>>> print(open('model.cif').read())   # mmCIF, C-alpha atoms
data_model
#
loop_
_atom_site.label_atom_id
_atom_site.label_comp_id
_atom_site.auth_asym_id
_atom_site.auth_seq_id
_atom_site.Cartn_x
_atom_site.Cartn_y
_atom_site.Cartn_z
CA MET D 1 15.46 -0.93 -87.36
CA THR D 2 14.30 -0.67 -83.83
CA GLN D 3 10.98 -2.15 -82.85
CA ALA D 4 8.76 0.19 -80.87
CA ARG D 5 8.20 -1.18 -77.39
CA ARG D 6 4.59 -1.83 -76.50
CA PRO D 7 3.51 0.30 -73.57
CA LYS D 8 3.12 -1.77 -70.43
CA SER D 9 -0.43 -2.18 -69.22
CA VAL D 10 -1.51 -0.95 -65.78
CA ARG D 11 -2.24 -4.55 -64.87
CA TYR D 12 1.31 -5.58 -65.76
CA ILE D 13 2.84 -2.77 -63.70
CA ILE D 14 0.67 -3.42 -60.65
CA LEU D 15 1.24 -7.19 -60.73
CA ASN D 16 4.95 -6.65 -61.21
CA TRP D 17 5.06 -4.46 -58.11
CA HIS D 18 2.76 -6.88 -56.26
CA HIS D 19 5.38 -9.63 -56.77
CA ARG D 20 8.32 -7.41 -55.84
CA VAL D 21 6.69 -6.02 -52.70
CA GLY D 22 5.57 -9.52 -51.69
CA ALA D 23 9.10 -10.87 -52.03
CA ILE D 24 10.67 -7.95 -50.14
CA ILE D 25 8.34 -7.90 -47.14
CA SER D 26 7.71 -11.64 -46.82
CA LEU D 27 10.43 -12.17 -44.20
CA PHE D 28 9.24 -9.24 -42.11
CA ILE D 29 5.62 -10.39 -42.30
CA ILE D 30 6.66 -13.86 -41.08
CA LEU D 31 8.50 -12.18 -38.18
CA ILE D 32 5.57 -9.95 -37.23
CA ALA D 33 3.01 -12.75 -37.60
CA SER D 34 5.03 -15.23 -35.53
CA THR D 35 5.65 -12.70 -32.73
CA GLY D 36 1.94 -11.86 -32.84
CA ILE D 37 1.00 -15.54 -32.42
CA ALA D 38 3.42 -15.87 -29.48
CA LEU D 39 2.07 -12.69 -27.83
CA ASN D 40 -1.48 -13.99 -28.21
CA HIS D 41 -0.47 -16.84 -25.87
CA THR D 42 1.61 -14.83 -23.37
CA ASP D 43 0.10 -16.51 -20.32
CA ASP D 44 0.32 -20.06 -21.70
CA LEU D 45 3.93 -19.58 -22.80
CA THR D 46 4.81 -17.65 -19.59
CA LEU D 47 6.59 -15.05 -21.69
CA ASP D 48 6.54 -12.51 -18.87
CA SER D 49 8.57 -14.73 -16.57
CA LYS D 50 11.32 -15.55 -19.09
CA HIS D 51 14.13 -13.03 -19.37
CA MET D 52 16.60 -12.00 -22.04
CA THR D 53 20.26 -12.45 -21.17
CA ASN D 54 21.91 -11.69 -24.51
CA PRO D 55 24.22 -8.66 -23.96
CA LEU D 56 23.55 -7.39 -27.50
CA ILE D 57 19.80 -7.33 -26.94
CA LEU D 58 20.19 -5.78 -23.49
CA SER D 59 22.45 -3.09 -24.93
CA LEU D 60 19.59 -2.10 -27.29
CA TYR D 61 17.60 -1.27 -24.14
CA GLY D 62 20.53 0.53 -22.54
CA ILE D 63 20.44 -1.87 -19.57
CA THR D 64 23.49 -1.49 -17.44
CA PHE D 65 24.36 -2.43 -13.90
CA PRO D 66 23.88 0.54 -11.52
CA ASN D 67 27.11 2.12 -10.28
CA SER D 68 25.98 2.40 -6.69
CA SER D 69 24.72 -0.32 -4.38
CA LEU D 70 24.00 -0.55 -0.66
CA HIS D 71 25.49 -3.36 1.45
CA PHE D 72 24.69 -4.68 4.91
CA ARG D 73 26.53 -7.52 6.60
CA THR D 74 25.39 -9.67 9.53
CA GLN D 75 27.05 -12.86 10.74
CA ASP D 76 28.57 -14.29 7.54
CA HIS D 77 25.87 -13.11 5.17
CA TRP D 78 25.37 -10.07 2.99
CA LEU D 79 22.28 -8.13 2.03
CA THR D 80 22.66 -5.90 -1.00
CA LEU D 81 20.30 -3.44 -2.66
CA VAL D 82 20.99 -2.82 -6.35
CA GLY D 83 18.58 -0.40 -7.99
CA SER D 84 15.35 -1.47 -6.35
CA ARG D 85 16.25 -5.15 -6.12
CA LEU D 86 17.35 -6.98 -3.01
CA TYR D 87 19.89 -9.82 -2.84
CA PHE D 88 20.83 -12.18 0.01
CA ASP D 89 24.48 -12.94 -0.78
CA SER D 90 23.87 -13.38 -4.55
CA HIS D 91 20.36 -14.85 -4.24
CA PRO D 92 17.58 -12.49 -5.48
CA LEU D 93 14.82 -11.81 -2.93
CA SER D 94 12.26 -9.20 -3.95
CA SER D 95 11.98 -5.54 -4.80
CA CYS D 96 12.68 -3.04 -2.06
CA THR D 97 12.08 0.71 -2.17
CA ALA D 98 14.71 1.65 0.41
CA LEU D 99 16.87 -0.74 2.41
CA ILE D 100 16.91 0.12 6.11
CA GLY D 101 18.73 -2.71 7.87
CA PHE D 102 19.74 -6.33 8.16
CA SER D 103 19.75 -8.19 11.48
CA TYR D 104 19.98 -11.69 12.93
CA ILE D 105 17.52 -12.73 15.62
CA ASP D 106 16.24 -16.10 16.90
CA SER D 107 18.09 -18.12 14.22
CA GLN D 108 16.63 -16.06 11.40
CA TYR D 109 17.67 -13.05 9.38
CA VAL D 110 15.50 -9.98 9.04
CA ALA D 111 15.77 -7.64 6.06
CA ALA D 112 14.05 -4.30 6.60
CA CYS D 113 12.89 -2.16 3.70
CA GLN D 114 10.98 1.07 4.15
CA ASN D 115 7.59 -0.67 3.76
CA GLN D 116 8.35 -4.32 4.43
CA LEU D 117 10.14 -6.78 6.72
CA LEU D 118 11.42 -10.01 5.22
CA LEU D 119 12.10 -12.89 7.60
CA LEU D 120 14.73 -15.19 6.09
CA THR D 121 16.18 -18.58 6.89
CA GLU D 122 19.93 -18.98 7.31
CA SER D 123 20.10 -20.02 3.65
CA GLY D 124 18.19 -16.95 2.47
CA ASP D 125 14.75 -18.50 1.83
CA VAL D 126 11.90 -16.15 2.63
CA ILE D 127 10.00 -17.38 5.69
CA GLU D 128 7.43 -14.61 5.40
CA SER D 129 6.97 -11.06 4.29
CA ILE D 130 5.43 -8.59 6.74
CA THR D 131 3.84 -5.43 5.38
CA GLU D 132 1.56 -2.63 6.56
CA THR D 133 -1.41 -4.95 6.01
CA GLN D 134 -0.07 -7.24 8.71
CA GLY D 135 0.29 -4.27 11.04
CA LEU D 136 3.87 -3.18 10.32
CA PRO D 137 4.36 0.50 11.24
CA ILE D 138 5.68 2.31 8.17
CA PRO D 139 7.69 3.98 6.77
CA LEU D 140 10.57 2.39 8.65
CA THR D 141 13.64 4.56 9.10
CA PHE D 142 15.92 2.30 11.16
CA MET D 143 16.04 -1.27 12.47
CA GLY D 144 18.18 -2.95 15.05
CA VAL D 145 18.28 -5.61 17.74
CA THR D 146 17.89 -5.06 21.45
CA SER D 147 17.80 -7.34 24.50
CA ASP D 148 15.47 -7.15 27.45
CA THR D 149 17.78 -7.74 30.40
CA THR D 150 14.95 -8.72 32.74
CA SER D 151 13.44 -11.46 30.54
CA ASP D 152 16.67 -12.20 28.64
CA LYS D 153 14.65 -11.96 25.45
CA THR D 154 15.82 -10.43 22.15
CA TYR D 155 13.61 -8.09 20.14
CA LEU D 156 13.83 -6.23 16.89
CA LYS D 157 13.66 -2.51 17.39
CA LEU D 158 12.05 -0.49 14.65
CA ALA D 159 12.07 3.26 14.19
CA THR D 160 9.56 5.28 12.17
CA GLN D 161 9.07 9.02 12.00
CA GLU D 162 6.14 8.65 14.41
CA GLY D 163 7.90 6.57 17.02
CA HIS D 164 9.78 3.45 18.06
CA TYR D 165 8.54 -0.12 18.39
CA LEU D 166 9.75 -3.46 19.68
CA PHE D 167 8.85 -6.37 17.44
CA ASP D 168 8.81 -9.97 18.55
CA PRO D 169 8.83 -12.17 15.40
CA ALA D 170 7.72 -15.21 17.40
CA GLN D 171 4.67 -13.48 18.91
CA PHE D 172 4.13 -11.23 15.89
CA SER D 173 3.51 -8.25 18.12
CA TRP D 174 4.56 -4.61 18.03
CA ILE D 175 5.12 -2.80 21.29
CA PRO D 176 5.19 1.01 20.97
CA LEU D 177 7.99 2.60 22.99
CA SER D 178 8.76 6.08 24.13
CA THR D 179 11.98 7.45 22.68
CA ASN D 180 13.30 7.75 26.25
CA ASN D 181 13.64 3.96 26.31
CA MET D 182 15.53 3.88 23.05
CA SER D 183 19.04 4.93 22.13
CA THR D 184 18.41 7.63 19.56
CA ASP D 185 21.93 7.84 18.16
CA LYS D 186 21.25 5.48 15.27
CA LYS D 187 24.55 6.08 13.55
CA ASN D 188 26.40 4.49 16.44
CA PRO D 189 26.58 0.73 15.82
CA ASP D 190 27.16 0.17 19.54
CA ASN D 191 23.52 1.13 20.08
CA GLY D 192 22.38 -1.97 18.18
CA TRP D 193 21.00 -0.16 15.11
CA SER D 194 21.79 -1.83 11.81
CA GLN D 195 24.11 0.24 9.64
CA PRO D 196 25.34 -0.25 6.04
CA THR D 197 28.93 -1.29 5.54
CA GLN D 198 31.39 0.49 3.30
CA VAL D 199 32.80 -2.89 2.23
CA THR D 200 31.34 -4.26 -1.01
CA ASN D 201 29.56 -7.61 -1.12
CA PRO D 202 32.07 -10.12 -2.60
CA ASN D 203 29.17 -11.67 -4.57
CA LEU D 204 28.62 -8.48 -6.58
CA GLU D 205 29.74 -10.09 -9.85
CA ALA D 206 27.14 -12.86 -9.51
CA ILE D 207 24.53 -10.25 -8.56
CA GLU D 208 25.37 -8.26 -11.70
CA SER D 209 24.81 -11.30 -13.89
CA THR D 210 21.43 -12.01 -12.21
CA TYR D 211 20.43 -8.33 -12.26
CA ILE D 212 21.07 -7.92 -15.96
CA GLY D 213 19.38 -11.23 -16.73
CA GLU D 214 16.18 -10.00 -15.05
CA GLY D 215 16.12 -6.79 -17.05
CA ILE D 216 13.87 -7.51 -20.01
CA SER D 217 11.15 -10.12 -20.20
CA LEU D 218 10.64 -12.15 -23.36
CA GLU D 219 7.15 -10.63 -23.57
CA ARG D 220 8.59 -7.08 -23.67
CA PHE D 221 11.17 -8.12 -26.27
CA LEU D 222 8.57 -9.74 -28.55
CA LEU D 223 6.23 -6.76 -28.15
CA ASP D 224 9.03 -4.44 -29.20
CA ILE D 225 9.90 -6.56 -32.25
CA HIS D 226 6.21 -6.71 -33.14
CA SER D 227 5.78 -2.93 -32.97
CA GLY D 228 9.27 -2.06 -34.24
CA ARG D 229 10.11 -0.18 -31.01
CA LEU D 230 13.23 -2.32 -30.56
CA PHE D 231 14.94 0.06 -32.99
CA GLY D 232 13.34 3.20 -31.64
CA PHE D 233 11.32 5.64 -33.73
CA THR D 234 12.97 4.42 -36.96
CA GLY D 235 11.71 0.90 -36.25
CA VAL D 236 8.17 2.16 -35.67
CA ILE D 237 8.20 4.10 -38.97
CA PHE D 238 9.63 1.02 -40.73
CA ASN D 239 6.79 -1.13 -39.36
CA ASP D 240 4.28 1.53 -40.48
CA LEU D 241 5.78 1.30 -43.96
CA LEU D 242 5.46 -2.50 -43.86
CA ALA D 243 1.81 -2.13 -42.87
CA ILE D 244 1.20 0.23 -45.83
CA LEU D 245 2.91 -2.25 -48.18
CA LEU D 246 0.77 -5.05 -46.77
CA ILE D 247 -2.35 -2.98 -47.50
CA PHE D 248 -1.01 -2.43 -51.04
CA LEU D 249 -0.53 -6.21 -51.41
CA ALA D 250 -4.07 -6.91 -50.28
CA LEU D 251 -5.59 -4.30 -52.59
CA SER D 252 -3.44 -5.16 -55.61
CA GLY D 253 -4.06 -8.88 -55.08
CA PHE D 254 -7.80 -8.35 -54.91
CA TRP D 255 -7.73 -6.01 -57.94
CA ALA D 256 -5.71 -8.52 -60.03
CA TRP D 257 -8.05 -11.39 -59.10
CA ASN D 258 -11.15 -9.32 -59.86
CA THR D 259 -9.98 -7.93 -63.21
CA ARG D 260 -8.94 -11.41 -64.35
CA ARG D 261 -12.33 -12.80 -63.33
CA LEU D 262 -14.15 -10.04 -65.26
CA ARG D 263 -11.94 -10.53 -68.33
CA LEU D 264 -12.61 -14.30 -68.37
CA LYS D 265 -16.34 -13.63 -68.12
CA ARG D 266 -16.11 -11.22 -71.07
CA ILE D 267 -14.21 -13.82 -73.18
CA GLN D 268 -16.74 -16.53 -72.33
CA ARG D 269 -19.57 -14.32 -73.63
CA MET M 1 -5.32 25.28 -31.89
CA ARG M 2 -5.76 27.92 -29.22
CA ALA M 3 -4.36 27.19 -25.80
CA ALA M 4 -7.76 27.80 -24.22
CA SER M 5 -9.31 24.98 -26.26
CA LEU M 6 -6.80 22.57 -24.72
CA LEU M 7 -8.00 23.31 -21.19
CA PRO M 8 -11.06 21.00 -21.22
CA MET M 9 -8.88 18.16 -22.58
CA LEU M 10 -6.30 18.82 -19.88
CA PHE M 11 -9.05 18.87 -17.24
CA LEU M 12 -10.42 15.53 -18.49
CA LEU M 13 -6.95 14.01 -18.51
CA LEU M 14 -6.21 15.19 -14.98
CA SER M 15 -9.63 14.02 -13.75
CA PHE M 16 -9.01 10.60 -15.28
CA SER M 17 -5.52 10.24 -13.77
CA GLY M 18 -6.93 11.48 -10.46
CA ALA M 19 -9.63 8.82 -10.59
CA VAL M 20 -7.06 6.10 -11.33
CA LEU M 21 -4.84 7.22 -8.44
CA ALA M 22 -7.83 7.51 -6.11
CA ASN M 23 -8.69 3.88 -6.78
CA GLN M 24 -5.21 2.68 -5.89
CA GLY M 25 -4.24 2.25 -2.27
CA GLN M 26 -5.35 0.64 0.96
CA TYR M 27 -9.09 0.25 1.46
CA LYS M 28 -9.10 -1.69 4.73
CA THR M 29 -6.51 -2.39 7.40
CA ARG M 30 -5.81 -5.70 9.05
CA ASP M 31 -7.56 -4.53 12.24
CA GLN M 32 -10.68 -3.49 10.31
CA LEU M 33 -10.80 -6.90 8.64
CA LEU M 34 -10.42 -8.66 11.99
CA GLU M 35 -13.26 -6.52 13.43
CA ILE M 36 -15.48 -7.71 10.56
CA ALA M 37 -14.41 -11.33 11.08
CA PHE M 38 -14.66 -11.34 14.87
CA PRO M 39 -17.28 -8.72 15.80
CA THR M 40 -18.18 -7.69 19.30
CA VAL M 41 -21.26 -9.62 20.46
CA ASN M 42 -23.37 -8.00 23.23
CA GLY M 43 -20.45 -5.73 24.09
CA VAL M 44 -18.11 -8.70 24.47
CA PRO M 45 -15.31 -8.95 21.90
CA ILE M 46 -14.70 -12.38 20.40
CA GLU M 47 -11.31 -13.60 21.46
CA TYR M 48 -9.32 -14.78 18.50
CA LYS M 49 -5.70 -15.78 18.21
CA MET M 50 -3.07 -15.69 15.55
CA GLU M 51 -1.72 -18.99 14.28
CA THR M 52 0.98 -20.03 11.84
CA LEU M 53 0.57 -22.49 9.00
CA TRP M 54 3.93 -23.92 7.97
CA LEU M 55 3.98 -24.74 4.29
CA THR M 56 5.14 -28.32 3.81
CA LYS M 57 6.36 -29.57 0.45
CA GLU M 58 2.90 -30.96 -0.34
CA ILE M 59 1.13 -27.74 0.64
CA LYS M 60 3.56 -25.69 -1.46
CA GLN M 61 3.00 -27.98 -4.44
CA THR M 62 -0.79 -27.62 -4.20
CA ALA M 63 -0.40 -23.85 -3.71
CA GLU M 64 1.74 -23.72 -6.85
CA ASN M 65 -0.93 -25.65 -8.78
CA ILE M 66 -3.57 -23.18 -7.60
CA LEU M 67 -1.59 -20.00 -8.27
CA GLY M 68 0.26 -21.18 -11.37
CA HIS M 69 3.60 -20.12 -9.92
CA PRO M 70 5.73 -21.15 -6.93
CA LEU M 71 4.89 -19.71 -3.52
CA ASN M 72 8.24 -18.50 -2.20
CA ILE M 73 7.45 -18.32 1.50
CA LEU M 74 7.69 -20.89 4.25
CA ARG M 75 4.82 -19.92 6.53
CA VAL M 76 1.55 -18.02 6.52
CA ARG M 77 -0.11 -16.22 9.42
CA TYR M 78 -3.83 -16.51 9.99
CA TRP M 79 -6.27 -15.62 12.71
CA LYS M 80 -8.86 -18.00 14.11
CA HIS M 81 -11.75 -18.44 16.50
CA ALA M 82 -13.76 -21.67 16.66
CA ASN M 83 -14.29 -22.79 13.03
CA ARG M 84 -13.60 -19.36 11.57
CA THR M 85 -10.25 -18.36 10.05
CA VAL M 86 -9.02 -15.14 8.46
CA TRP M 87 -6.33 -15.06 5.78
CA ILE M 88 -4.52 -12.06 4.35
CA LEU M 89 -2.76 -13.00 1.14
CA ASP M 90 -0.95 -11.10 -1.59
CA GLU M 91 -1.13 -12.10 -5.24
CA ILE M 92 0.14 -10.21 -8.25
CA GLY M 93 -2.48 -9.13 -10.78
CA LYS M 94 -0.33 -7.87 -13.63
CA ILE M 95 2.72 -6.32 -11.98
CA LYS M 96 1.90 -5.34 -8.40
CA PRO M 97 0.37 -7.37 -5.56
CA ILE M 98 -3.30 -7.21 -4.64
CA THR M 99 -3.82 -7.78 -0.89
CA THR M 100 -6.96 -9.80 -0.24
CA GLY M 101 -8.55 -10.75 3.07
CA VAL M 102 -10.64 -13.92 3.13
CA ILE M 103 -12.87 -14.91 6.05
CA ILE M 104 -13.70 -18.62 6.05
CA GLU M 105 -16.02 -20.63 8.24
CA ASN M 106 -16.64 -24.36 7.98
CA ALA M 107 -14.70 -24.63 4.69
CA SER M 108 -16.73 -21.97 2.84
CA ILE M 109 -16.12 -18.27 2.38
CA LEU M 110 -18.01 -15.98 4.76
CA SER M 111 -16.73 -12.82 3.04
CA LEU M 112 -13.90 -11.59 0.87
CA HIS M 113 -12.37 -8.11 1.00
CA ILE M 114 -9.78 -6.31 -1.11
CA LEU M 115 -7.51 -4.65 1.44
CA ALA M 116 -5.05 -3.00 -0.93
CA PHE M 117 -4.86 -2.55 -4.69
CA ARG M 118 -1.73 -1.08 -6.25
CA GLU M 119 -2.15 -1.42 -10.02
CA SER M 120 -3.55 1.19 -12.38
CA ARG M 121 -6.20 -1.09 -13.88
CA GLY M 122 -8.61 -3.69 -12.56
CA TRP M 123 -9.51 -2.00 -9.25
CA GLU M 124 -13.19 -2.80 -9.90
CA VAL M 125 -12.55 -6.08 -8.05
CA LYS M 126 -12.86 -4.14 -4.78
CA TYR M 127 -16.60 -3.53 -5.26
CA PRO M 128 -19.22 -5.76 -3.57
CA PHE M 129 -20.79 -6.66 -6.96
CA PHE M 130 -17.62 -8.70 -7.51
CA THR M 131 -16.57 -9.75 -4.00
CA ASP M 132 -20.12 -10.87 -3.04
CA GLN M 133 -19.84 -13.61 -5.66
CA PHE M 134 -17.49 -15.44 -3.29
CA LEU M 135 -20.02 -15.70 -0.45
CA ASN M 136 -20.61 -19.32 0.62
CA ILE M 137 -18.25 -20.61 -2.04
CA ALA M 138 -16.21 -23.72 -1.21
CA LEU M 139 -13.67 -25.94 -2.95
CA ASN M 140 -14.75 -28.94 -4.99
CA LYS M 141 -12.80 -32.19 -5.18
CA LYS M 142 -10.50 -30.74 -7.86
CA SER M 143 -9.53 -27.84 -5.57
CA ARG M 144 -11.54 -25.43 -7.72
CA LEU M 145 -14.26 -23.02 -6.61
CA ASP M 146 -17.61 -24.82 -6.62
CA LYS M 147 -19.38 -21.84 -8.26
CA ASN M 148 -18.48 -19.83 -11.34
CA ILE M 149 -17.10 -16.31 -10.81
CA ASP M 150 -18.19 -13.75 -13.40
CA GLY M 151 -15.27 -11.76 -14.80
CA ILE M 152 -14.98 -8.01 -15.28
CA THR M 153 -14.08 -6.63 -18.71
CA GLY M 154 -10.65 -5.03 -18.55
CA ALA M 155 -9.83 -6.60 -15.18
CA THR M 156 -9.15 -10.19 -16.26
CA LEU M 157 -5.83 -10.52 -14.43
CA SER M 158 -7.15 -8.97 -11.21
CA VAL M 159 -10.20 -11.26 -11.29
CA ARG M 160 -7.93 -14.26 -11.82
CA ALA M 161 -5.61 -13.20 -8.99
CA VAL M 162 -8.47 -12.69 -6.50
CA SER M 163 -10.13 -15.98 -7.51
CA ASN M 164 -6.82 -17.82 -7.02
CA VAL M 165 -6.37 -16.24 -3.59
CA ALA M 166 -9.89 -17.38 -2.63
CA ARG M 167 -8.98 -20.94 -3.70
CA LEU M 168 -5.69 -20.77 -1.83
CA ALA M 169 -7.28 -19.49 1.38
CA LEU M 170 -9.91 -22.25 1.23
CA TYR M 171 -7.16 -24.81 0.70
CA PHE M 172 -5.05 -23.39 3.56
CA HIS M 173 -8.15 -23.54 5.79
CA THR M 174 -8.37 -27.29 5.16
CA GLN M 175 -4.72 -27.63 6.22
CA THR M 176 -5.26 -26.05 9.65
CA ASP M 177 -5.95 -28.13 12.72
CA LEU M 178 -9.65 -27.19 12.79
#
>>> encode(input="model.cif", output="structure tokens")
Amino acid sequence: MTQARRPKSVRYIILNWHHRVGAIISLFIILIASTGIALNHTDDLTLDSKHMTNPLILSLYGITFPNSSLHFRTQDHWLTLVGSRLYFDSHPLSSCTALIGFSYIDSQYVAACQNQLLLLTESGDVIESITETQGLPIPLTFMGVTSDTTSDKTYLKLATQEGHYLFDPAQFSWIPLSTNNMSTDKKNPDNGWSQPTQVTNPNLEAIESTYIGEGISLERFLLDIHSGRLFGFTGVIFNDLLAILLIFLALSGFWAWNTRRLRLKRIQR
Amino acid sequence: MRAASLLPMLFLLLSFSGAVLANQGQYKTRDQLLEIAFPTVNGVPIEYKMETLWLTKEIKQTAENILGHPLNILRVRYWKHANRTVWILDEIGKIKPITTGVIIENASILSLHILAFRESRGWEVKYPFFTDQFLNIALNKKSRLDKNIDGITGATLSVRAVSNVARLALYFHTQTDL
């Protein structure tokens, strides 16, 4: 003889699901809560200046080393532009919109980007950065070195669409020139204009490792885990689902506590 | 939803992005700042000269303490006349640098100007209601500003960057041969 099963109460069903849902999402909640705590202290933990280097993580972002790069060579040193990042040999310098030239003058190297000149030591340390705010005529189109035969002094020559200038790094002065005084054939290296080389920087492998390492900050990575964006739209929907389950846990927990409290009160009466 | 009903929303969106873009850019040039710092008196221009401050290990260490990150340059240009110096310094707010000009006389700030702002948020720091707070401010013994600077909601990082530049310029001023 089979015994008829007692129908399960609503309370039993809800509490049963409360336990199951709690067990399933607990790990994810810990993950989201801990990333949230870390993100709340981004500045203190300097999360934006730490970078992810794990190839698996970087592959999730589709970060790859650009196929093309621009190389300049002066004396025994290389200046390379990869994407929008500039490297002295393999040492990262700063971002650069368009690399114009690389010259050596007065025991220092000069890297010219479209909107900026970087004066560098022989070991690649930045002496100073000169921008439009300091009076640099922009956008630069070409840079080179020229000598004044009368004073035996060497100058940087800069070309913009508006005109040509001589720049003396020691005096920090720009002297506008008429194009008559300047060799206009900038493709001819004999005219002193800096030109890119077709030879590739031998430090490219080291640059690649640095470039990829700078790709994603720890802050970005944690933000994307927190929001689920690390796994694209699916991850976002998954996190939405977790949020809904968390709301269910809160409501079912409150409901269970309240009904138990009311039942105890009824029994006591 | 009819396409026509989207037009006001589109207009608002474009106006907003236009306003954001209009607030980015260069507000003052170096020459304009130098004219403010060294004005013409009775038709005679004040003669000022440009100097270089080389950053020794100690100066770089203090600069790092002020900014909260290393200063990766070896020298800084400034302009001076008598006890007055002018500094043009870049500091990153969130992602892009804010170019700030600081005019200092006798170890306190005469005026502070935002020369260029490149980020999409926080450009309110260019207005006098914010920059005027720096007038007559000096450094205390702990290399901090001797008066409190009121922040701007939504521009916390820009406010911090400009305040740090003010501290740095005041510190650099003390390292000159004045």
>>> residues_around(input="model.cif", residues="Gly235 in chain D", least_positions_apart="6", cutoff="12 Å", atoms="only C-alpha atoms", output="list in words")
Phe28, Asp224, Ile225, His226, Ser227, Gly228, Arg229, Leu241 and Leu242 of chain D
>>> closest_atom_pairs(input="model.cif", of="chain M", to="chain D", cutoff="9 Å", atoms="all atoms listed in the file", output="JSON lines")
{"residue": "M:Gln26", "atom": "CA", "partner": "D:Thr133", "partner_atom": "CA", "distance": 8.5}
{"residue": "M:Lys28", "atom": "CA", "partner": "D:Thr133", "partner_atom": "CA", "distance": 8.4}
{"residue": "M:Thr29", "atom": "CA", "partner": "D:Thr133", "partner_atom": "CA", "distance": 5.9}
{"residue": "M:Arg30", "atom": "CA", "partner": "D:Thr133", "partner_atom": "CA", "distance": 5.4}
{"residue": "M:Asp31", "atom": "CA", "partner": "D:Gly135", "partner_atom": "CA", "distance": 7.9}
{"residue": "M:Met50", "atom": "CA", "partner": "D:Phe172", "partner_atom": "CA", "distance": 8.5}
{"residue": "M:Asn72", "atom": "CA", "partner": "D:Val126", "partner_atom": "CA", "distance": 6.5}
{"residue": "M:Ile73", "atom": "CA", "partner": "D:Ile127", "partner_atom": "CA", "distance": 5.0}
{"residue": "M:Leu74", "atom": "CA", "partner": "D:Ile127", "partner_atom": "CA", "distance": 4.4}
{"residue": "M:Arg75", "atom": "CA", "partner": "D:Ile127", "partner_atom": "CA", "distance": 5.8}
{"residue": "M:Val76", "atom": "CA", "partner": "D:Glu128", "partner_atom": "CA", "distance": 6.9}
{"residue": "M:Arg77", "atom": "CA", "partner": "D:Glu128", "partner_atom": "CA", "distance": 8.7}
{"residue": "M:Ile88", "atom": "CA", "partner": "D:Gln134", "partner_atom": "CA", "distance": 7.9}
{"residue": "M:Thr99", "atom": "CA", "partner": "D:Thr133", "partner_atom": "CA", "distance": 7.8}
{"residue": "M:Leu115", "atom": "CA", "partner": "D:Thr133", "partner_atom": "CA", "distance": 7.6}
{"residue": "M:Ala116", "atom": "CA", "partner": "D:Thr133", "partner_atom": "CA", "distance": 8.1}
>>> write_last_selection(input="model.cif", atoms="C-alpha atoms", output="tab-separated table (two decimals), in the frame of the given file")
chain	number	residue	atom	x	y	z
M	26	GLN	CA	-5.35	0.64	0.96
M	28	LYS	CA	-9.10	-1.69	4.73
M	29	THR	CA	-6.51	-2.39	7.40
M	30	ARG	CA	-5.81	-5.70	9.05
M	31	ASP	CA	-7.56	-4.53	12.24
M	50	MET	CA	-3.07	-15.69	15.55
M	72	ASN	CA	8.24	-18.50	-2.20
M	73	ILE	CA	7.45	-18.32	1.50
M	74	LEU	CA	7.69	-20.89	4.25
M	75	ARG	CA	4.82	-19.92	6.53
M	76	VAL	CA	1.55	-18.02	6.52
M	77	ARG	CA	-0.11	-16.22	9.42
M	88	ILE	CA	-4.52	-12.06	4.35
M	99	THR	CA	-3.82	-7.78	-0.89
M	115	LEU	CA	-7.51	-4.65	1.44
M	116	ALA	CA	-5.05	-3.00	-0.93
>>> axis_aligned_box(input="model.cif", around="range 62-66 of chain M", padding_each_side="4 Å", output="AutoDock Vina command-line options")
--center_x -0.9 --center_y -25.4 --center_z -6.2 --size_x 13.3 --size_y 12.4 --size_z 13.1
>>> residues_around(input="model.cif", residues="Ile36 in chain M", least_positions_apart="6", cutoff="12 Å", atoms="all atoms listed in the file", output="compact mmCIF listing (two decimals) with C-alpha atoms, in the frame of the given file")
# COMPACT_ATOMS: atom_id res chain seq x y z
CA LYS M 28 -9.10 -1.69 4.73
CA THR M 29 -6.51 -2.39 7.40
CA ARG M 30 -5.81 -5.70 9.05
CA PRO M 45 -15.31 -8.95 21.90
CA ILE M 46 -14.70 -12.38 20.40
CA ARG M 84 -13.60 -19.36 11.57
CA THR M 85 -10.25 -18.36 10.05
CA VAL M 86 -9.02 -15.14 8.46
CA GLY M 101 -8.55 -10.75 3.07
CA VAL M 102 -10.64 -13.92 3.13
CA ILE M 103 -12.87 -14.91 6.05
CA ILE M 104 -13.70 -18.62 6.05
CA LEU M 110 -18.01 -15.98 4.76
CA SER M 111 -16.73 -12.82 3.04
CA LEU M 112 -13.90 -11.59 0.87
CA HIS M 113 -12.37 -8.11 1.00
>>> resolve_selection(input="model.cif", expression="the PyMOL selection byres ((chain M and resi 108) around 6)", output="list in words")
Ile104, Glu105, Asn106, Ala107, Ile109, Asn136, Ile137 and Ala138 of chain M
>>> write_last_selection(input="model.cif", atoms="C-alpha atoms", output="PDB file, keeping the file's coordinate frame")
ATOM      1  CA  ILE M 104     -13.700 -18.620   6.050  1.00  0.00           C
ATOM      2  CA  GLU M 105     -16.020 -20.630   8.240  1.00  0.00           C
ATOM      3  CA  ASN M 106     -16.640 -24.360   7.980  1.00  0.00           C
ATOM      4  CA  ALA M 107     -14.700 -24.630   4.690  1.00  0.00           C
ATOM      5  CA  ILE M 109     -16.120 -18.270   2.380  1.00  0.00           C
ATOM      6  CA  ASN M 136     -20.610 -19.320   0.620  1.00  0.00           C
ATOM      7  CA  ILE M 137     -18.250 -20.610  -2.040  1.00  0.00           C
ATOM      8  CA  ALA M 138     -16.210 -23.720  -1.210  1.00  0.00           C
TER       9      ALA M 138
END
